[in-house]
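Colleague: Here you go, my_file-v4.tsv (TSV, C-alpha atoms and all ligand atoms):
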chain	number	residue	atom	x	y	z
A	1	MET	CA	67.96	145.99	72.89
A	2	ARG	CA	69.25	147.48	76.12
A	3	SER	CA	66.73	149.35	78.16
A	4	PHE	CA	67.22	151.00	81.53
A	5	LEU	CA	64.40	151.36	84.05
A	6	PHE	CA	64.99	154.18	86.54
A	7	LEU	CA	62.91	153.70	89.68
A	8	LEU	CA	62.66	156.93	91.65
A	9	GLY	CA	62.23	156.08	95.31
A	10	GLY	CA	62.61	159.50	96.93
A	11	ASN	CA	59.68	161.19	98.60
A	12	ARG	CA	60.07	164.67	97.17
A	13	ARG	CA	60.03	165.95	93.62
A	14	ASP	CA	63.19	167.13	91.84
A	15	GLY	CA	65.37	165.70	94.56
A	16	ASN	CA	69.13	165.49	94.52
A	17	THR	CA	69.11	161.75	93.91
A	18	GLU	CA	66.99	162.09	90.78
A	19	THR	CA	69.24	164.90	89.53
A	20	LEU	CA	72.30	162.71	90.02
A	21	ALA	CA	70.62	159.82	88.21
A	22	ARG	CA	69.68	162.11	85.33
A	23	HIS	CA	73.32	163.14	84.97
A	24	ALA	CA	74.29	159.47	84.76
A	25	ALA	CA	71.51	158.71	82.28
A	26	ALA	CA	72.55	161.60	80.03
A	27	ALA	CA	75.73	159.69	79.23
A	28	LEU	CA	73.90	156.60	78.00
A	29	PRO	CA	74.08	156.06	74.24
A	30	PRO	CA	70.95	157.20	72.38
A	31	ASP	CA	70.06	153.66	71.31
A	32	VAL	CA	69.67	152.59	74.93
A	33	GLY	CA	66.07	152.81	76.08
A	34	GLN	CA	65.24	154.78	79.22
A	35	ARG	CA	62.08	154.60	81.25
A	36	TRP	CA	61.57	156.63	84.40
A	37	LEU	CA	58.98	155.70	87.01
A	38	ARG	CA	58.37	157.49	90.29
A	39	LEU	CA	57.35	154.94	92.89
A	40	ASP	CA	55.21	157.59	94.65
A	41	ASP	CA	53.13	157.84	91.46
A	42	HIS	CA	52.41	154.10	91.55
A	43	PRO	CA	51.79	153.27	95.20
A	44	LEU	CA	52.10	149.58	95.95
A	45	PRO	CA	49.80	147.84	98.42
A	46	PRO	CA	51.35	146.54	101.64
A	47	PHE	CA	53.36	143.40	101.00
A	48	GLN	CA	51.86	140.24	102.46
A	49	ASP	CA	53.95	137.16	103.14
A	50	ILE	CA	51.79	134.22	102.05
A	51	ARG	CA	54.74	132.05	101.02
A	52	HIS	CA	53.86	129.37	103.55
A	53	THR	CA	50.09	129.68	103.37
A	54	GLY	CA	48.11	127.34	101.13
A	55	ASP	CA	49.95	126.76	97.85
A	56	GLY	CA	52.26	129.71	98.51
A	57	LEU	CA	51.48	131.24	95.14
A	58	TYR	CA	50.58	134.88	94.53
A	59	PRO	CA	47.87	136.14	92.16
A	60	VAL	CA	48.85	137.99	89.00
A	61	PRO	CA	49.52	141.56	90.15
A	62	GLU	CA	47.06	144.32	89.30
A	63	GLY	CA	47.21	148.09	89.01
A	64	ALA	CA	50.44	149.71	90.18
A	65	ALA	CA	51.94	146.33	91.04
A	66	LYS	CA	51.34	145.05	87.53
A	67	LEU	CA	52.78	148.20	85.99
A	68	LEU	CA	55.92	147.97	88.11
A	69	ALA	CA	56.33	144.22	87.68
A	70	ASP	CA	55.96	144.46	83.90
A	71	ALA	CA	58.33	147.44	83.71
A	72	THR	CA	60.85	145.52	85.79
A	73	LEU	CA	60.66	142.48	83.57
A	74	ASP	CA	60.84	144.54	80.36
A	75	ALA	CA	64.14	146.23	81.33
A	76	THR	CA	67.65	144.86	80.92
A	77	ASP	CA	68.94	147.18	83.64
A	78	LEU	CA	67.24	148.38	86.82
A	79	VAL	CA	68.46	151.56	88.44
A	80	ILE	CA	67.30	152.03	92.02
A	81	VAL	CA	67.34	155.77	92.64
A	82	SER	CA	66.84	156.23	96.38
A	83	PRO	CA	68.05	158.86	98.83
A	84	LEU	CA	69.68	157.49	101.94
A	85	TYR	CA	66.97	157.33	104.59
A	86	TRP	CA	68.25	156.15	107.98
A	87	TYR	CA	71.20	154.42	106.37
A	88	SER	CA	69.09	152.40	103.97
A	89	VAL	CA	66.74	152.74	101.02
A	90	SER	CA	63.53	154.74	101.35
A	91	ALA	CA	60.49	152.83	102.57
A	92	THR	CA	58.92	153.19	99.13
A	93	THR	CA	61.95	151.53	97.57
A	94	LYS	CA	62.01	148.78	100.18
A	95	LEU	CA	58.33	148.03	99.55
A	96	TYR	CA	59.07	147.67	95.83
A	97	LEU	CA	61.89	145.22	96.66
A	98	ASP	CA	59.61	143.26	98.99
A	99	HIS	CA	57.15	142.84	96.14
A	100	TRP	CA	59.86	140.99	94.19
A	101	SER	CA	59.21	138.18	96.66
A	102	ALA	CA	55.56	138.09	95.53
A	103	TRP	CA	56.34	138.42	91.83
A	104	MET	CA	58.72	135.43	92.13
A	105	ARG	CA	55.73	133.31	93.05
A	106	VAL	CA	53.22	134.36	90.38
A	107	PRO	CA	52.54	131.37	88.15
A	108	GLY	CA	53.73	132.01	84.61
A	109	TYR	CA	55.82	135.08	85.43
A	110	ASP	CA	59.19	133.28	85.60
A	111	PHE	CA	60.28	136.35	87.54
A	112	LYS	CA	63.39	134.84	89.09
A	113	ALA	CA	64.67	133.33	85.83
A	114	ARG	CA	63.96	136.53	83.91
A	115	MET	CA	65.66	138.64	86.57
A	116	ALA	CA	68.77	136.49	86.19
A	117	GLY	CA	69.73	138.32	83.02
A	118	LYS	CA	69.42	141.81	84.48
A	119	THR	CA	71.87	144.21	86.08
A	120	VAL	CA	70.84	146.27	89.10
A	121	TRP	CA	72.46	149.66	89.81
A	122	ALA	CA	72.09	152.10	92.69
A	123	VAL	CA	72.10	155.89	92.77
A	124	THR	CA	71.87	157.61	96.13
A	125	THR	CA	72.65	160.84	97.92
A	126	ILE	CA	73.72	161.23	101.51
A	127	SER	CA	74.02	164.29	103.75
A	128	GLU	CA	76.66	162.98	106.14
A	129	GLU	CA	80.32	163.47	105.28
A	130	ASP	CA	81.37	159.85	105.66
A	131	GLU	CA	80.49	157.85	102.57
A	132	SER	CA	80.44	154.63	104.60
A	133	VAL	CA	77.01	155.62	105.94
A	134	ALA	CA	75.67	154.38	102.58
A	135	ASP	CA	77.10	150.88	103.12
A	136	PRO	CA	73.83	149.38	104.41
A	137	LEU	CA	71.92	150.75	101.39
A	138	ILE	CA	74.58	149.50	99.01
A	139	GLY	CA	74.72	146.12	100.75
A	140	THR	CA	70.96	145.72	100.58
A	141	LEU	CA	70.87	146.46	96.88
A	142	ARG	CA	74.04	144.56	95.94
A	143	LEU	CA	73.04	141.39	97.76
A	144	SER	CA	69.49	141.55	96.39
A	145	ALA	CA	70.86	142.12	92.88
A	146	GLU	CA	73.23	139.19	93.20
A	147	TYR	CA	70.44	136.95	94.50
A	148	PHE	CA	68.71	137.41	91.15
A	149	GLY	CA	71.25	138.58	88.61
A	150	SER	CA	74.17	141.01	88.42
A	151	TRP	CA	75.23	144.05	90.39
A	152	GLY	CA	76.30	147.06	88.34
A	153	GLY	CA	77.56	149.30	91.15
A	154	ALA	CA	76.60	152.30	93.25
A	155	LEU	CA	76.87	156.02	92.58
A	156	VAL	CA	76.91	158.13	95.76
A	157	GLY	CA	76.67	161.92	95.98
A	158	TYR	CA	76.64	164.43	98.85
A	159	ALA	CA	73.59	166.65	99.22
A	160	ASN	CA	71.00	167.76	101.70
A	161	ARG	CA	68.80	170.61	100.48
A	162	PRO	CA	67.34	170.42	96.96
A	163	GLY	CA	69.95	171.45	94.39
A	164	ASP	CA	72.93	170.76	96.66
A	165	ILE	CA	74.05	167.91	94.43
A	166	LEU	CA	75.02	170.39	91.70
A	167	ARG	CA	77.87	171.52	93.97
A	168	ASP	CA	79.25	167.97	94.29
A	169	THR	CA	81.31	168.13	91.14
A	170	GLY	CA	83.06	164.87	91.94
A	171	ALA	CA	79.73	163.03	92.02
A	172	LEU	CA	78.64	164.64	88.76
A	173	GLU	CA	81.90	163.50	87.13
A	174	ARG	CA	81.42	159.98	88.45
A	175	ALA	CA	77.83	160.11	87.15
A	176	ALA	CA	79.01	160.83	83.62
A	177	ALA	CA	81.11	157.65	83.68
A	178	PHE	CA	78.82	155.52	85.83
A	179	PHE	CA	77.15	153.48	83.09
A	180	GLY	CA	80.35	153.65	81.01
A	181	PRO	CA	82.01	150.88	79.00
A	182	GLY	CA	81.35	148.41	81.82
A	183	ALA	CA	77.63	149.04	81.37
A	184	ALA	CA	77.84	148.13	77.72
A	185	ARG	CA	79.55	144.84	78.56
A	186	ARG	CA	77.11	143.95	81.28
A	187	ALA	CA	74.09	144.99	79.26
A	188	SER	CA	75.10	142.84	76.30
A	189	ARG	CA	75.34	139.89	78.69
A	190	ALA	CA	72.02	140.91	80.17
A	191	SER	CA	70.34	140.74	76.76
A	192	ASP	CA	71.25	137.08	76.38
A	193	PRO	CA	68.26	134.80	76.80
A	194	ALA	CA	67.51	134.13	80.46
A	195	PRO	CA	68.10	130.56	81.59
A	196	GLY	CA	65.02	128.42	82.02
A	201	LIG	C1	63.72	160.33	106.48
A	201	LIG	C2	65.11	160.79	106.14
A	201	LIG	C3	66.19	160.09	106.63
A	201	LIG	C4	67.49	160.46	106.29
A	201	LIG	N1	68.52	159.70	106.74
A	201	LIG	C5	69.79	160.04	106.40
A	201	LIG	C6	70.88	159.24	106.84
A	201	LIG	O1	70.71	158.24	107.54
A	201	LIG	N2	72.13	159.62	106.48
A	201	LIG	C7	72.36	160.70	105.68
A	201	LIG	O2	73.52	160.96	105.36
A	201	LIG	N3	71.33	161.47	105.24
A	201	LIG	C8	70.06	161.17	105.57
A	201	LIG	N4	69.01	161.93	105.11
A	201	LIG	C9	69.29	163.08	104.22
A	201	LIG	C10	69.02	162.74	102.77
A	201	LIG	O3	69.68	161.57	102.39
A	201	LIG	C11	69.52	163.88	101.87
A	201	LIG	O4	68.86	165.08	102.21
A	201	LIG	C12	69.29	163.58	100.41
A	201	LIG	O5	69.99	164.51	99.61
A	201	LIG	C13	67.82	163.61	100.05
A	201	LIG	O6	67.69	163.19	98.72
A	201	LIG	P1	66.64	163.89	97.73
A	201	LIG	O7	67.07	165.34	97.57
A	201	LIG	O8	66.78	163.10	96.47
A	201	LIG	O9	65.28	163.77	98.34
A	201	LIG	C14	67.70	161.59	105.46
A	201	LIG	C15	66.61	162.33	105.00
A	201	LIG	C16	65.32	161.94	105.34
A	201	LIG	C17	64.14	162.75	104.82
Could you render the structure from this file as C-alpha cells?
Modeller:
Amino acid sequence: MRSFLFLLGGNRRDGNTETLARHAAAALPPDVGQRWLRLDDHPLPPFQDIRHTGDGLYPVPEGAAKLLADATLDATDLVIVSPLYWYSVSATTKLYLDHWSAWMRVPGYDFKARMAGKTVWAVTTISEEDESVADPLIGTLRLSAEYFGSWGGALVGYANRPGDILRDTGALERAAAFFGPGAARRASRASDPAPG
C-alpha cells in the first residue's frame, strides 16, 4: 500500500510550507496513507560521523531517531516540507538527512536497500521573487533522493508572512496536481520489493 510520510522541517507552527504541503496532500487518493511528523517535535541528537572509527557501525537508534528512522522506512514516499532557509533546507531538515548516513550503517536495518524503493519529494516556500533561489535546496534533495531511490519533484510557492501562501494561487494549483498521475506510477514502482 502506498503511504506518504510528510516531514515538517520549518521552525514555526502553521507555516506557509506546511499549508502548501497540505494542499498537495488533499489531492491524494483516500487509499493512500498519510503520516505527518514535525521534526521540531522529535528533536534528533547531533549527528556524529563515526564511519571511519572502529567498525564504522552505528547502534540501533533510540527515541526520536528510532521514531523517525522507522517512519522513514515504513513509507513508500517521503515528502520533505522545508521552508527555504539561506537558500537551502532548514537546519532541522538537514540534521534529519545527516542521520540517514547513520541509519545506513545500523546492522540489520538494510536502510540503503529499503530506501531504494522510495520516492522523495520536496515542498518549499521562498520569499524572494526569483524561483532559482530554491535551486540549492532542490539540488540537495534531488541528489540525495537519487543516491538512494527516486526523485518525485519539487513544489515551490512564494510566501513570507504566515498565510501569504494562500495568495499564491499558482502554487496552490500546482499543489493540487503535484502528486498527480505521475505519483501513482512512481508509487506503484516504489511498492515493489526492494532489491537485496
Ligand atoms: C532563517 C531564515 C532564512 C531564510 N532564508 C531565505 C532565503 O534564503 N531566501 C528566501 O527567499 N527566503 C528566505 N527566508 C524566508 C522564508 O523562506 C519564508 O518566510 C517562508 O515562507 C517561511 O516558511 P514558513 O511560513 O513555512 O515558516 C528565510 C527565513 C528564515 C527564518
Colleague: List all protein, DNA and RNA residues that have an atom no more than 7 Å from any atom of ligand LIG 201 (chain A), counting all atoms listed in the file, and report them as an mmCIF file with C-alpha atoms, in the coordinates of the input.
Modeller:
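Written out: result_23.cif:
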data_model
loop_
_atom_site.group_PDB
_atom_site.id
_atom_site.type_symbol
_atom_site.label_atom_id
_atom_site.label_comp_id
_atom_site.auth_asym_id
_atom_site.auth_seq_id
_atom_site.Cartn_x
_atom_site.Cartn_y
_atom_site.Cartn_z
ATOM 1 C CA GLY A 10 62.610 159.500 96.930
ATOM 2 C CA ASN A 11 59.680 161.190 98.600
ATOM 3 C CA ARG A 12 60.070 164.670 97.170
ATOM 4 C CA GLY A 15 65.370 165.700 94.560
ATOM 5 C CA ASN A 16 69.130 165.490 94.520
ATOM 6 C CA THR A 17 69.110 161.750 93.910
ATOM 7 C CA GLU A 18 66.990 162.090 90.780
ATOM 8 C CA SER A 82 66.840 156.230 96.380
ATOM 9 C CA PRO A 83 68.050 158.860 98.830
ATOM 10 C CA LEU A 84 69.680 157.490 101.940
ATOM 11 C CA TYR A 85 66.970 157.330 104.590
ATOM 12 C CA TRP A 86 68.250 156.150 107.980
ATOM 13 C CA TYR A 87 71.200 154.420 106.370
ATOM 14 C CA THR A 125 72.650 160.840 97.920
ATOM 15 C CA ILE A 126 73.720 161.230 101.510
ATOM 16 C CA SER A 127 74.020 164.290 103.750
ATOM 17 C CA GLU A 128 76.660 162.980 106.140
ATOM 18 C CA VAL A 133 77.010 155.620 105.940
ATOM 19 C CA TYR A 158 76.640 164.430 98.850
ATOM 20 C CA ALA A 159 73.590 166.650 99.220
ATOM 21 C CA ASN A 160 71.000 167.760 101.700
ATOM 22 C CA ARG A 161 68.800 170.610 100.480
ATOM 23 C CA PRO A 162 67.340 170.420 96.960
#
Colleague: Taking all atoms listed in the file into account, produce a table as a Markdown table in which each residue of range 129-187 of chain A with an atom at most 9 Å from an atom of range 108-117 of chain A appears once, together with its shortest atom pair and the distance in Å to one decimal, ordered by chain and rising number.
Modeller:
| residue | atom | partner | partner_atom | distance |
| --- | --- | --- | --- | --- |
| A:Ala145 | CA | A:Met115 | CA | 8.9 |
| A:Glu146 | CA | A:Ala116 | CA | 8.7 |
| A:Tyr147 | CA | A:Ala116 | CA | 8.5 |
| A:Phe148 | CA | A:Ala116 | CA | 5.0 |
| A:Gly149 | CA | A:Ala116 | CA | 4.0 |
| A:Ser150 | CA | A:Ala116 | CA | 7.4 |
| A:Ala187 | CA | A:Gly117 | CA | 8.8 |
Colleague: When distances are computed from all atoms listed in the file, which of A:Phe4, A:Phe178, A:Phe47, A:Trp36 shows the smallest separation from Ser101 in chain A?
Modeller: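 Residue with the minimum atom-to-atom distance to Ser101 in chain A: A:Phe47.
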Colleague: CA of Asp14 in chain A and CA of Asp164 in chain A are how many Å apart?
Modeller: 11.5 Å
Colleague: Pick out the closest residue to Leu137 in chain A from this set: A:Leu44, A:Thr76, A:Ser88, A:Val156. Count only C-alpha atoms.
Modeller: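 Looking at the shortest contact to Leu137 in chain A, the residue is A:Ser88.
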Colleague: Go through A:Thr53, A:Thr19, A:Ser3, A:Thr140 and flag the residue nearest Gln34 in chain A, using only C-alpha atoms for the distances.
Modeller: A:Ser3
Colleague: Hey, which of A:Leu5, A:Leu57, A:Ala176, A:Leu95 ends up closest to Leu28 in chain A? Count only C-alpha atoms.
Modeller: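 Under the stated criterion, the closest residue is A:Ala176.
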Colleague: List the spatial neighbours of Leu143 in chain A as a PyMOL selection string - criterion: any atom at most 12 Å away, all atoms listed in the file, same-chain residues fewer than 6 positions off excluded.
Modeller: chain A and resi 97+120-122+135-137+149-153
Colleague: Find the spatial neighbours of Leu8 in chain A, counting all atoms listed in the file, within a cut-off of 6 Å - ignore same-chain residues fewer than 5 positions away - and output them as JSON, numbers by chain.
Modeller: {"A": [38, 39, 81]}
Colleague: When you count only C-alpha atoms, which of these residues is closest to Leu155 in chain A: A:Lys66, A:Arg174, A:Arg105, A:His42?
Modeller: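 Going through A:Lys66, A:Arg174, A:Arg105, A:His42 one by one, the smallest distance to Leu155 in chain A is for A:Arg174.
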Colleague: Suppose you want the space between CA of Pro107 in chain A and CA of His52 in chain A; what is it in Å?
Modeller: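 One can read the CA of Pro107 in chain A to CA of His52 in chain A distance as 15.6 Å.
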Colleague: Report the distance between CA of Leu172 in chain A and CA of Ala154 in chain A in Å, rounded to one decimal place.
Modeller: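 Pair CA of Leu172 in chain A / CA of Ala154 in chain A returns 13.3 Å.
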Colleague: Please list as JSON, numbers by chain every residue within 9 Å of Pro61 in chain A, counting only C-alpha atoms and excluding residues in the same chain fewer than 4 positions away.
Modeller: {"A": [65, 66, 67, 69, 102, 103, 106]}
Colleague: For each of A:Arg13, A:Arg22, A:Lys118, A:Arg167, take the minimum atom-to-atom distance to Asp74 in chain A, counting all atoms listed in the file, then give the residue where this is smallest.
Modeller: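 Closest to Asp74 in chain A of all the choices is A:Lys118.
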